[in-house]
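> my_file_4.pdb is the file, holding PDB, C-alpha atoms:
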```
ATOM      1  CA  ASP A  29      17.812  24.735 -23.416  1.00  0.00           C
ATOM      2  CA  VAL A  30      16.745  22.559 -20.546  1.00  0.00           C
ATOM      3  CA  LYS A  31      13.051  22.567 -20.090  1.00  0.00           C
ATOM      4  CA  VAL A  32      11.203  21.562 -16.969  1.00  0.00           C
ATOM      5  CA  THR A  33       7.448  21.754 -17.211  1.00  0.00           C
ATOM      6  CA  GLN A  34       4.784  21.346 -14.583  1.00  0.00           C
ATOM      7  CA  SER A  35       1.267  20.276 -15.391  1.00  0.00           C
ATOM      8  CA  SER A  36      -0.503  23.245 -13.827  1.00  0.00           C
ATOM      9  CA  ARG A  37       0.398  26.771 -12.784  1.00  0.00           C
ATOM     10  CA  TYR A  38      -2.593  27.076 -10.469  1.00  0.00           C
ATOM     11  CA  LEU A  39      -4.697  24.413  -8.848  1.00  0.00           C
ATOM     12  CA  VAL A  40      -7.637  24.562  -6.460  1.00  0.00           C
ATOM     13  CA  LYS A  41      -8.651  21.400  -4.639  1.00  0.00           C
ATOM     14  CA  ARG A  42     -10.899  20.444  -1.759  1.00  0.00           C
ATOM     15  CA  THR A  43      -9.776  18.892   1.496  1.00  0.00           C
ATOM     16  CA  GLY A  44      -9.549  15.137   1.182  1.00  0.00           C
ATOM     17  CA  GLU A  45      -9.094  15.078  -2.578  1.00  0.00           C
ATOM     18  CA  LYS A  46      -6.251  13.147  -4.160  1.00  0.00           C
ATOM     19  CA  VAL A  47      -3.973  15.536  -6.011  1.00  0.00           C
ATOM     20  CA  PHE A  48      -1.430  14.768  -8.703  1.00  0.00           C
ATOM     21  CA  LEU A  49       1.286  17.221  -9.646  1.00  0.00           C
ATOM     22  CA  GLU A  50       3.240  16.249 -12.720  1.00  0.00           C
ATOM     23  CA  CYS A  51       6.716  17.318 -13.737  1.00  0.00           C
ATOM     24  CA  VAL A  52       8.474  16.566 -17.007  1.00  0.00           C
ATOM     25  CA  GLN A  53      12.043  17.358 -18.041  1.00  0.00           C
ATOM     26  CA  ASP A  54      13.511  16.985 -21.484  1.00  0.00           C
ATOM     27  CA  MET A  55      17.254  16.793 -20.826  1.00  0.00           C
ATOM     28  CA  ASP A  56      17.687  13.199 -19.720  1.00  0.00           C
ATOM     29  CA  HIS A  57      18.559  14.249 -16.173  1.00  0.00           C
ATOM     30  CA  GLU A  58      18.987  11.523 -13.592  1.00  0.00           C
ATOM     31  CA  ASN A  59      17.925  13.616 -10.617  1.00  0.00           C
ATOM     32  CA  MET A  60      14.480  15.047 -10.085  1.00  0.00           C
ATOM     33  CA  PHE A  61      13.226  16.936  -7.058  1.00  0.00           C
ATOM     34  CA  TRP A  62      10.027  18.206  -5.525  1.00  0.00           C
ATOM     35  CA  TYR A  63      10.181  21.248  -3.283  1.00  0.00           C
ATOM     36  CA  ARG A  64       7.618  23.180  -1.388  1.00  0.00           C
ATOM     37  CA  GLN A  65       8.018  26.936  -0.999  1.00  0.00           C
ATOM     38  CA  ASP A  66       6.309  28.893   1.771  1.00  0.00           C
ATOM     39  CA  PRO A  67       6.884  32.509   2.833  1.00  0.00           C
ATOM     40  CA  GLY A  68       9.743  32.794   5.283  1.00  0.00           C
ATOM     41  CA  LEU A  69      10.634  29.119   5.002  1.00  0.00           C
ATOM     42  CA  GLY A  70      12.428  29.069   1.669  1.00  0.00           C
ATOM     43  CA  LEU A  71      12.585  25.849  -0.313  1.00  0.00           C
ATOM     44  CA  ARG A  72      11.981  22.632   1.528  1.00  0.00           C
ATOM     45  CA  LEU A  73      12.715  19.319  -0.112  1.00  0.00           C
ATOM     46  CA  ILE A  74       9.816  16.879  -0.136  1.00  0.00           C
ATOM     47  CA  TYR A  75      11.212  13.993  -2.183  1.00  0.00           C
ATOM     48  CA  PHE A  76      13.864  13.395  -4.764  1.00  0.00           C
ATOM     49  CA  SER A  77      14.676  10.651  -7.213  1.00  0.00           C
ATOM     50  CA  TYR A  78      18.017   9.744  -8.754  1.00  0.00           C
ATOM     51  CA  ASP A  79      16.744   7.103 -11.138  1.00  0.00           C
ATOM     52  CA  VAL A  80      13.605   5.511 -12.482  1.00  0.00           C
ATOM     53  CA  LYS A  81      11.572   3.882  -9.712  1.00  0.00           C
ATOM     54  CA  MET A  82      14.017   5.191  -7.108  1.00  0.00           C
ATOM     55  CA  LYS A  83      12.943   7.732  -4.538  1.00  0.00           C
ATOM     56  CA  GLU A  84      14.316   9.229  -1.383  1.00  0.00           C
ATOM     57  CA  LYS A  85      12.583  11.212   1.311  1.00  0.00           C
ATOM     58  CA  GLY A  86      13.529  14.801   1.758  1.00  0.00           C
ATOM     59  CA  ASP A  87      12.990  16.996   4.760  1.00  0.00           C
ATOM     60  CA  ILE A  88       9.170  17.044   4.769  1.00  0.00           C
ATOM     61  CA  PRO A  89       7.784  13.891   3.109  1.00  0.00           C
ATOM     62  CA  GLU A  90       4.789  13.464   5.404  1.00  0.00           C
ATOM     63  CA  GLY A  91       1.501  13.603   3.552  1.00  0.00           C
ATOM     64  CA  TYR A  92       3.160  13.160   0.161  1.00  0.00           C
ATOM     65  CA  SER A  93       4.220  10.344  -2.093  1.00  0.00           C
ATOM     66  CA  VAL A  94       5.979  10.301  -5.451  1.00  0.00           C
ATOM     67  CA  SER A  95       6.214   8.209  -8.548  1.00  0.00           C
ATOM     68  CA  ARG A  96       8.887   7.956 -11.193  1.00  0.00           C
ATOM     69  CA  GLU A  97       7.986   5.378 -13.797  1.00  0.00           C
ATOM     70  CA  LYS A  98       9.872   7.091 -16.609  1.00  0.00           C
ATOM     71  CA  LYS A  99      13.118   9.003 -16.456  1.00  0.00           C
ATOM     72  CA  GLU A 100      11.620  12.239 -17.707  1.00  0.00           C
ATOM     73  CA  ARG A 101       8.579  12.304 -15.444  1.00  0.00           C
ATOM     74  CA  PHE A 102       8.310  12.754 -11.688  1.00  0.00           C
ATOM     75  CA  SER A 103       4.914  12.951 -10.047  1.00  0.00           C
ATOM     76  CA  LEU A 104       4.030  14.282  -6.631  1.00  0.00           C
ATOM     77  CA  ILE A 105       0.904  12.857  -5.046  1.00  0.00           C
ATOM     78  CA  LEU A 106      -1.092  14.242  -2.185  1.00  0.00           C
ATOM     79  CA  GLU A 107      -3.132  11.228  -1.110  1.00  0.00           C
ATOM     80  CA  SER A 108      -5.646  13.279   0.859  1.00  0.00           C
ATOM     81  CA  ALA A 109      -5.099  16.987   0.503  1.00  0.00           C
ATOM     82  CA  SER A 110      -5.251  19.150   3.597  1.00  0.00           C
ATOM     83  CA  THR A 111      -5.367  22.918   4.007  1.00  0.00           C
ATOM     84  CA  ASN A 112      -1.819  22.986   5.373  1.00  0.00           C
ATOM     85  CA  GLN A 113      -0.639  21.707   2.017  1.00  0.00           C
ATOM     86  CA  THR A 114      -1.637  24.959   0.387  1.00  0.00           C
ATOM     87  CA  SER A 115       1.657  26.119  -1.029  1.00  0.00           C
ATOM     88  CA  MET A 116       3.852  26.688  -4.050  1.00  0.00           C
ATOM     89  CA  TYR A 117       5.306  23.449  -5.393  1.00  0.00           C
ATOM     90  CA  LEU A 118       8.477  23.529  -7.435  1.00  0.00           C
ATOM     91  CA  CYS A 119       9.955  20.722  -9.475  1.00  0.00           C
ATOM     92  CA  ALA A 120      13.615  20.620 -10.448  1.00  0.00           C
ATOM     93  CA  SER A 121      15.972  18.329 -12.308  1.00  0.00           C
ATOM     94  CA  SER A 122      19.722  17.958 -12.618  1.00  0.00           C
ATOM     95  CA  LEU A 123      22.455  15.619 -13.688  1.00  0.00           C
ATOM     96  CA  LEU A 124      23.990  13.472 -10.966  1.00  0.00           C
ATOM     97  CA  GLY A 125      26.674  15.128  -8.894  1.00  0.00           C
ATOM     98  CA  ALA A 126      27.080  17.833  -6.274  1.00  0.00           C
ATOM     99  CA  GLN A 127      28.424  20.292  -8.822  1.00  0.00           C
ATOM    100  CA  GLU A 128      25.391  20.095 -11.068  1.00  0.00           C
ATOM    101  CA  THR A 129      23.026  22.983 -11.502  1.00  0.00           C
ATOM    102  CA  GLN A 130      19.359  22.439 -10.840  1.00  0.00           C
ATOM    103  CA  TYR A 131      16.803  23.466 -13.441  1.00  0.00           C
ATOM    104  CA  PHE A 132      13.431  24.464 -12.129  1.00  0.00           C
ATOM    105  CA  GLY A 133       9.928  24.380 -13.466  1.00  0.00           C
ATOM    106  CA  PRO A 134       7.600  27.410 -13.210  1.00  0.00           C
ATOM    107  CA  GLY A 135       5.899  26.089 -10.097  1.00  0.00           C
ATOM    108  CA  THR A 136       2.351  25.109  -9.198  1.00  0.00           C
ATOM    109  CA  ARG A 137       0.377  27.218  -6.774  1.00  0.00           C
ATOM    110  CA  LEU A 138      -1.925  24.825  -4.959  1.00  0.00           C
ATOM    111  CA  LEU A 139      -4.837  26.055  -2.890  1.00  0.00           C
ATOM    112  CA  VAL A 140      -6.616  23.473  -0.746  1.00  0.00           C
ATOM    113  CA  LEU A 141     -10.003  24.611   0.495  1.00  0.00           C
TER     114      LEU A 141
ATOM    115  CA  ALA B  15      25.335  18.674   8.295  1.00  0.00           C
ATOM    116  CA  GLN B  16      25.266  21.404   5.722  1.00  0.00           C
ATOM    117  CA  LYS B  17      23.495  24.644   6.400  1.00  0.00           C
ATOM    118  CA  VAL B  18      22.942  27.906   4.552  1.00  0.00           C
ATOM    119  CA  THR B  19      21.910  31.136   6.247  1.00  0.00           C
ATOM    120  CA  GLN B  20      20.555  34.165   4.462  1.00  0.00           C
ATOM    121  CA  ALA B  21      19.967  36.510   7.346  1.00  0.00           C
ATOM    122  CA  GLN B  22      18.352  39.241   5.257  1.00  0.00           C
ATOM    123  CA  THR B  23      14.705  38.379   4.728  1.00  0.00           C
ATOM    124  CA  GLU B  24      13.910  41.440   2.662  1.00  0.00           C
ATOM    125  CA  ILE B  25      15.914  44.326   1.277  1.00  0.00           C
ATOM    126  CA  SER B  26      14.404  47.424  -0.228  1.00  0.00           C
ATOM    127  CA  VAL B  27      16.477  49.837  -2.314  1.00  0.00           C
ATOM    128  CA  VAL B  28      15.973  52.608  -4.801  1.00  0.00           C
ATOM    129  CA  GLU B  29      17.070  52.112  -8.368  1.00  0.00           C
ATOM    130  CA  LYS B  30      20.796  52.683  -9.018  1.00  0.00           C
ATOM    131  CA  GLU B  31      21.769  51.840  -5.478  1.00  0.00           C
ATOM    132  CA  ASP B  32      24.276  49.058  -4.905  1.00  0.00           C
ATOM    133  CA  VAL B  33      23.046  46.171  -2.784  1.00  0.00           C
ATOM    134  CA  THR B  34      24.734  43.139  -1.227  1.00  0.00           C
ATOM    135  CA  LEU B  35      22.934  39.922  -0.385  1.00  0.00           C
ATOM    136  CA  ASP B  36      24.639  37.880   2.298  1.00  0.00           C
ATOM    137  CA  CYS B  37      25.076  34.124   2.366  1.00  0.00           C
ATOM    138  CA  VAL B  38      26.824  32.232   5.159  1.00  0.00           C
ATOM    139  CA  TYR B  39      27.257  28.488   4.992  1.00  0.00           C
ATOM    140  CA  GLU B  40      28.319  25.596   7.180  1.00  0.00           C
ATOM    141  CA  THR B  41      29.858  22.379   6.006  1.00  0.00           C
ATOM    142  CA  ARG B  42      32.326  19.774   7.209  1.00  0.00           C
ATOM    143  CA  ASP B  43      33.337  18.834   3.720  1.00  0.00           C
ATOM    144  CA  THR B  44      36.435  20.254   2.068  1.00  0.00           C
ATOM    145  CA  THR B  45      34.900  19.878  -1.361  1.00  0.00           C
ATOM    146  CA  TYR B  46      31.626  21.621  -1.879  1.00  0.00           C
ATOM    147  CA  TYR B  47      29.742  23.836  -4.284  1.00  0.00           C
ATOM    148  CA  LEU B  48      27.907  27.082  -3.753  1.00  0.00           C
ATOM    149  CA  PHE B  49      25.143  28.417  -5.958  1.00  0.00           C
ATOM    150  CA  TRP B  50      23.010  31.488  -6.348  1.00  0.00           C
ATOM    151  CA  TYR B  51      19.567  31.356  -7.954  1.00  0.00           C
ATOM    152  CA  LYS B  52      17.147  34.134  -8.808  1.00  0.00           C
ATOM    153  CA  GLN B  53      13.375  33.726  -8.549  1.00  0.00           C
ATOM    154  CA  PRO B  54      11.532  36.529 -10.345  1.00  0.00           C
ATOM    155  CA  PRO B  55       7.811  37.097  -9.740  1.00  0.00           C
ATOM    156  CA  SER B  56       7.026  34.558 -12.480  1.00  0.00           C
ATOM    157  CA  GLY B  57       8.131  31.855 -10.043  1.00  0.00           C
ATOM    158  CA  GLU B  58      10.815  29.893 -11.873  1.00  0.00           C
ATOM    159  CA  LEU B  59      14.206  29.783 -10.182  1.00  0.00           C
ATOM    160  CA  VAL B  60      17.017  30.645 -12.544  1.00  0.00           C
ATOM    161  CA  PHE B  61      20.638  29.677 -12.009  1.00  0.00           C
ATOM    162  CA  LEU B  62      23.069  32.583 -11.643  1.00  0.00           C
ATOM    163  CA  ILE B  63      26.415  31.194 -10.580  1.00  0.00           C
ATOM    164  CA  ARG B  64      28.250  28.174  -9.171  1.00  0.00           C
ATOM    165  CA  ARG B  65      31.492  28.200  -7.230  1.00  0.00           C
ATOM    166  CA  ASN B  66      33.541  25.241  -6.010  1.00  0.00           C
ATOM    167  CA  SER B  67      35.370  25.306  -2.711  1.00  0.00           C
ATOM    168  CA  PHE B  68      38.794  25.395  -4.338  1.00  0.00           C
ATOM    169  CA  ASP B  69      38.155  28.520  -6.335  1.00  0.00           C
ATOM    170  CA  GLU B  70      38.033  31.644  -4.204  1.00  0.00           C
ATOM    171  CA  GLN B  71      38.355  34.054  -7.063  1.00  0.00           C
ATOM    172  CA  ASN B  72      35.695  36.688  -7.118  1.00  0.00           C
ATOM    173  CA  GLU B  73      33.413  36.676 -10.105  1.00  0.00           C
ATOM    174  CA  ILE B  74      31.934  39.567 -12.004  1.00  0.00           C
ATOM    175  CA  SER B  75      29.230  39.337 -14.597  1.00  0.00           C
ATOM    176  CA  GLY B  76      27.977  42.700 -15.739  1.00  0.00           C
ATOM    177  CA  ARG B  77      26.350  44.397 -12.757  1.00  0.00           C
ATOM    178  CA  TYR B  78      26.552  41.211 -10.686  1.00  0.00           C
ATOM    179  CA  SER B  79      29.520  40.196  -8.597  1.00  0.00           C
ATOM    180  CA  TRP B  80      30.182  37.477  -6.079  1.00  0.00           C
ATOM    181  CA  ASN B  81      32.620  37.450  -3.187  1.00  0.00           C
ATOM    182  CA  PHE B  82      33.569  33.996  -1.919  1.00  0.00           C
ATOM    183  CA  GLN B  83      35.547  33.930   1.325  1.00  0.00           C
ATOM    184  CA  LYS B  84      36.290  30.583   2.915  1.00  0.00           C
ATOM    185  CA  SER B  85      37.756  32.268   5.997  1.00  0.00           C
ATOM    186  CA  THR B  86      34.315  33.613   6.887  1.00  0.00           C
ATOM    187  CA  SER B  87      32.301  30.862   5.153  1.00  0.00           C
ATOM    188  CA  SER B  88      30.523  33.452   3.083  1.00  0.00           C
ATOM    189  CA  PHE B  89      29.463  33.747  -0.508  1.00  0.00           C
ATOM    190  CA  ASN B  90      27.971  37.199  -0.899  1.00  0.00           C
ATOM    191  CA  PHE B  91      26.265  38.609  -3.956  1.00  0.00           C
ATOM    192  CA  THR B  92      26.433  42.258  -4.952  1.00  0.00           C
ATOM    193  CA  ILE B  93      24.295  44.017  -7.518  1.00  0.00           C
ATOM    194  CA  THR B  94      25.752  47.292  -8.690  1.00  0.00           C
ATOM    195  CA  ALA B  95      23.445  50.065  -9.869  1.00  0.00           C
ATOM    196  CA  SER B  96      20.325  48.042  -9.169  1.00  0.00           C
ATOM    197  CA  GLN B  97      17.389  48.097 -11.553  1.00  0.00           C
ATOM    198  CA  VAL B  98      13.701  47.378 -11.126  1.00  0.00           C
ATOM    199  CA  VAL B  99      14.176  44.136 -13.076  1.00  0.00           C
ATOM    200  CA  ASP B 100      16.456  42.911 -10.304  1.00  0.00           C
ATOM    201  CA  SER B 101      13.446  42.676  -8.010  1.00  0.00           C
ATOM    202  CA  ALA B 102      13.212  38.998  -7.110  1.00  0.00           C
ATOM    203  CA  VAL B 103      13.866  36.469  -4.403  1.00  0.00           C
ATOM    204  CA  TYR B 104      17.470  35.308  -4.386  1.00  0.00           C
ATOM    205  CA  PHE B 105      18.518  31.955  -3.004  1.00  0.00           C
ATOM    206  CA  CYS B 106      21.936  30.750  -1.990  1.00  0.00           C
ATOM    207  CA  ALA B 107      22.522  26.980  -1.983  1.00  0.00           C
ATOM    208  CA  LEU B 108      25.248  24.536  -0.949  1.00  0.00           C
ATOM    209  CA  SER B 109      25.956  20.969  -1.996  1.00  0.00           C
ATOM    210  CA  GLU B 110      28.699  18.708  -0.797  1.00  0.00           C
ATOM    211  CA  ALA B 111      30.852  16.458  -2.964  1.00  0.00           C
ATOM    212  CA  PRO B 112      31.412  12.722  -2.625  1.00  0.00           C
ATOM    213  CA  GLY B 113      30.950  11.501   0.897  1.00  0.00           C
ATOM    214  CA  GLY B 114      28.609  14.301   1.754  1.00  0.00           C
ATOM    215  CA  SER B 115      25.084  15.028   0.717  1.00  0.00           C
ATOM    216  CA  TYR B 116      25.087  16.052  -2.912  1.00  0.00           C
ATOM    217  CA  ILE B 117      21.523  17.216  -2.540  1.00  0.00           C
ATOM    218  CA  PRO B 118      21.596  21.019  -2.366  1.00  0.00           C
ATOM    219  CA  THR B 119      20.582  22.809   0.789  1.00  0.00           C
ATOM    220  CA  PHE B 120      18.961  26.167   0.190  1.00  0.00           C
ATOM    221  CA  GLY B 121      18.896  29.246   2.341  1.00  0.00           C
ATOM    222  CA  ARG B 122      15.523  30.806   3.074  1.00  0.00           C
ATOM    223  CA  GLY B 123      16.013  33.419   0.411  1.00  0.00           C
ATOM    224  CA  THR B 124      16.291  37.189   0.362  1.00  0.00           C
ATOM    225  CA  SER B 125      13.550  39.206  -1.246  1.00  0.00           C
ATOM    226  CA  LEU B 126      14.991  42.199  -3.056  1.00  0.00           C
ATOM    227  CA  ILE B 127      12.671  45.047  -3.949  1.00  0.00           C
ATOM    228  CA  VAL B 128      14.052  47.750  -6.202  1.00  0.00           C
ATOM    229  CA  HIS B 129      11.931  50.875  -6.338  1.00  0.00           C
ATOM    230  CA  PRO B 130      12.006  53.151  -9.369  1.00  0.00           C
TER     231      PRO B 130
END
```
Can the structure in the file be given as structure tokens, please?

Amino acid sequence: DVKVTQSSRYLVKRTGEKVFLECVQDMDHENMFWYRQDPGLGLRLIYFSYDVKMKEKGDIPEGYSVSREKKERFSLILESASTNQTSMYLCASSLLGAQETQYFGPGTRLLVL
Amino acid sequence: AQKVTQAQTEISVVEKEDVTLDCVYETRDTTYYLFWYKQPPSGELVFLIRRNSFDEQNEISGRYSWNFQKSTSSFNFTITASQVVDSAVYFCALSEAPGGSYIPTFGRGTSLIVHP
């Protein structure tokens, strides 16, 4: 079974803190994704990566950066957390190709105070 | 540009009722893929089904069925005899094949609440 894990299920941070969200997949997938989920807005793509050290901006990259130093690990970084970044963050991975299914992690609920 | 619309924000039914979740998509590509995912309260999206644009056959899996109609650009999902365990948010997604964006576009999701 494909397994996508995220470092935390719940996280509470203060405004201005640097926040790291880690995602690890164990199926040698090329693609990895970070989404943000907010009520009424569905899933919005923040960044994705199709290979090590490669990254592409999604629909809402502002205020975020990512890092992919190893194929299995994709990190989302909030350089200076703000209250409007309070959200559910979902990581996903897939093989390359439009027909490929995405596999999701359990999500991280981030609260920025 | 690809787009997915799930017009139903929330649906509430009583157990054993049938319910249909609508999904309408837009794409300029002739080759594309449609997906449905389920997100239970635990949070993790789970894959339910994938359909490619050349296969309009309806699919049935137990109480779940999917109706793909290219003429109306719809890929609707029906749950027959709903159960409380079906309560979840359901997402429809579209990705386009070579030449288009292979990154999936998701609809905003439909929250299904099944009351006992």
> Quick one: which chain A residues come within 6 Å of chain B, and what is the nearest atom pair for each with the distance in Å to one decimal, counting all atoms listed in the file, rows ordered by chain and ascending number, as JSON lines?

```
{"residue": "A:Leu69", "atom": "CA", "partner": "B:Arg122", "partner_atom": "CA", "distance": 5.5}
{"residue": "A:Gly70", "atom": "CA", "partner": "B:Arg122", "partner_atom": "CA", "distance": 3.8}
{"residue": "A:Ala126", "atom": "CA", "partner": "B:Tyr116", "partner_atom": "CA", "distance": 4.3}
{"residue": "A:Gln127", "atom": "CA", "partner": "B:Tyr47", "partner_atom": "CA", "distance": 5.9}
{"residue": "A:Phe132", "atom": "CA", "partner": "B:Leu59", "partner_atom": "CA", "distance": 5.7}
{"residue": "A:Gly133", "atom": "CA", "partner": "B:Glu58", "partner_atom": "CA", "distance": 5.8}
{"residue": "A:Pro134", "atom": "CA", "partner": "B:Glu58", "partner_atom": "CA", "distance": 4.3}
```
> Name the closest residue to Glu40 in chain B among the candidates B:Ala21, B:Val28, B:Gln83, B:Ser88; distances are taken between atoms, counting all atoms listed in the file.
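Among the listed residues, B:Ser88 lies closest to Glu40 in chain B.
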> Just want the 6 Å neighbourhood of range 59-61 of chain A, counted on only C-alpha atoms, with same-chain residues fewer than 5 positions away dropped. Output as a PDB file with C-alpha atoms, keeping the file's coordinate frame.

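So part_37.pdb came out as:
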```pdb
ATOM      1  CA  PHE A  76      13.864  13.395  -4.764  1.00  0.00           C
ATOM      2  CA  SER A  77      14.676  10.651  -7.213  1.00  0.00           C
ATOM      3  CA  TYR A  78      18.017   9.744  -8.754  1.00  0.00           C
ATOM      4  CA  CYS A 119       9.955  20.722  -9.475  1.00  0.00           C
ATOM      5  CA  ALA A 120      13.615  20.620 -10.448  1.00  0.00           C
ATOM      6  CA  SER A 121      15.972  18.329 -12.308  1.00  0.00           C
ATOM      7  CA  SER A 122      19.722  17.958 -12.618  1.00  0.00           C
ATOM      8  CA  LEU A 123      22.455  15.619 -13.688  1.00  0.00           C
TER       9      LEU A 123
END
```
> The PyMOL selection byres ((chain A and resi 35) around 10) on the file shown: which residues, as a VMD selection string?
chain A and resid 33 to 34 36 to 39 48 to 52 103 133 to 136
> Skip range 110-115 of chain A itself and residues of its chain fewer than 5 positions away, then list as JSON, numbers by chain all residues within 12 Å of it, counting only C-alpha atoms.
{"A": [37, 38, 39, 40, 41, 42, 43, 44, 45, 46, 47, 63, 64, 65, 66, 67, 69, 70, 71, 72, 74, 88, 89, 90, 91, 92, 105, 135, 136, 137, 138, 139, 140, 141]}
> As an exercise, work out the distance from CA of Ser67 in chain B to CA of Leu124 in chain A in Å and give it to one decimal place.
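About the pair CA of Ser67 in chain B and CA of Leu124 in chain A: they are 18.4 Å apart.
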> In Å, rounded to a single decimal, give me how far CA of Thr129 in chain A is from CA of Val33 in chain B.
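Interatomic distance, CA of Val33 in chain B to CA of Thr129 in chain A: 24.8 Å.
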> Please measure the separation of CA of Gln71 in chain B and CA of Arg42 in chain B, giving the value in Å to one decimal.
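Separation between CA of Gln71 in chain B and CA of Arg42 in chain B: 21.1 Å.
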> Name the closest residue to Ile74 in chain B among the candidates B:Ser101, B:Thr92, B:Thr19, B:Ser87; distances are taken between atoms, counting all atoms listed in the file.
B:Thr92
> Mind checking which residues fall within 12 Å of Thr86 in chain B, counting only C-alpha atoms, ignoring those fewer than 5 positions away in the same chain, and posting them as an NGL selection string?
:B and (36-40 or 70 or 81)
> What residues come out when you apply the PyMOL selection byres ((chain A and resi 97) around 6) to this file, written as number ranges by chain?
A: 80-81, 96, 98
> Residues of the last selection are to be written out with C-alpha atoms, as an mmCIF file, in the frame of the given file.

```
data_model
loop_
_atom_site.group_PDB
_atom_site.id
_atom_site.type_symbol
_atom_site.label_atom_id
_atom_site.label_comp_id
_atom_site.auth_asym_id
_atom_site.auth_seq_id
_atom_site.Cartn_x
_atom_site.Cartn_y
_atom_site.Cartn_z
ATOM 1 C CA VAL A 80 13.605 5.511 -12.482
ATOM 2 C CA LYS A 81 11.572 3.882 -9.712
ATOM 3 C CA ARG A 96 8.887 7.956 -11.193
ATOM 4 C CA LYS A 98 9.872 7.091 -16.609
#
```
> Within 10 Å of Ser79 in chain B, counting all atoms listed in the file, which residues show up once you throw out same-chain ones fewer than 5 positions away? Write them as a ChimeraX atom specification, please.
/B:34,63,72-74,90-94
> Using all atoms listed in the file, which of B:Lys30, B:Arg77, B:Val18, B:Val128 sits nearest Phe89 in chain B?
B:Val18
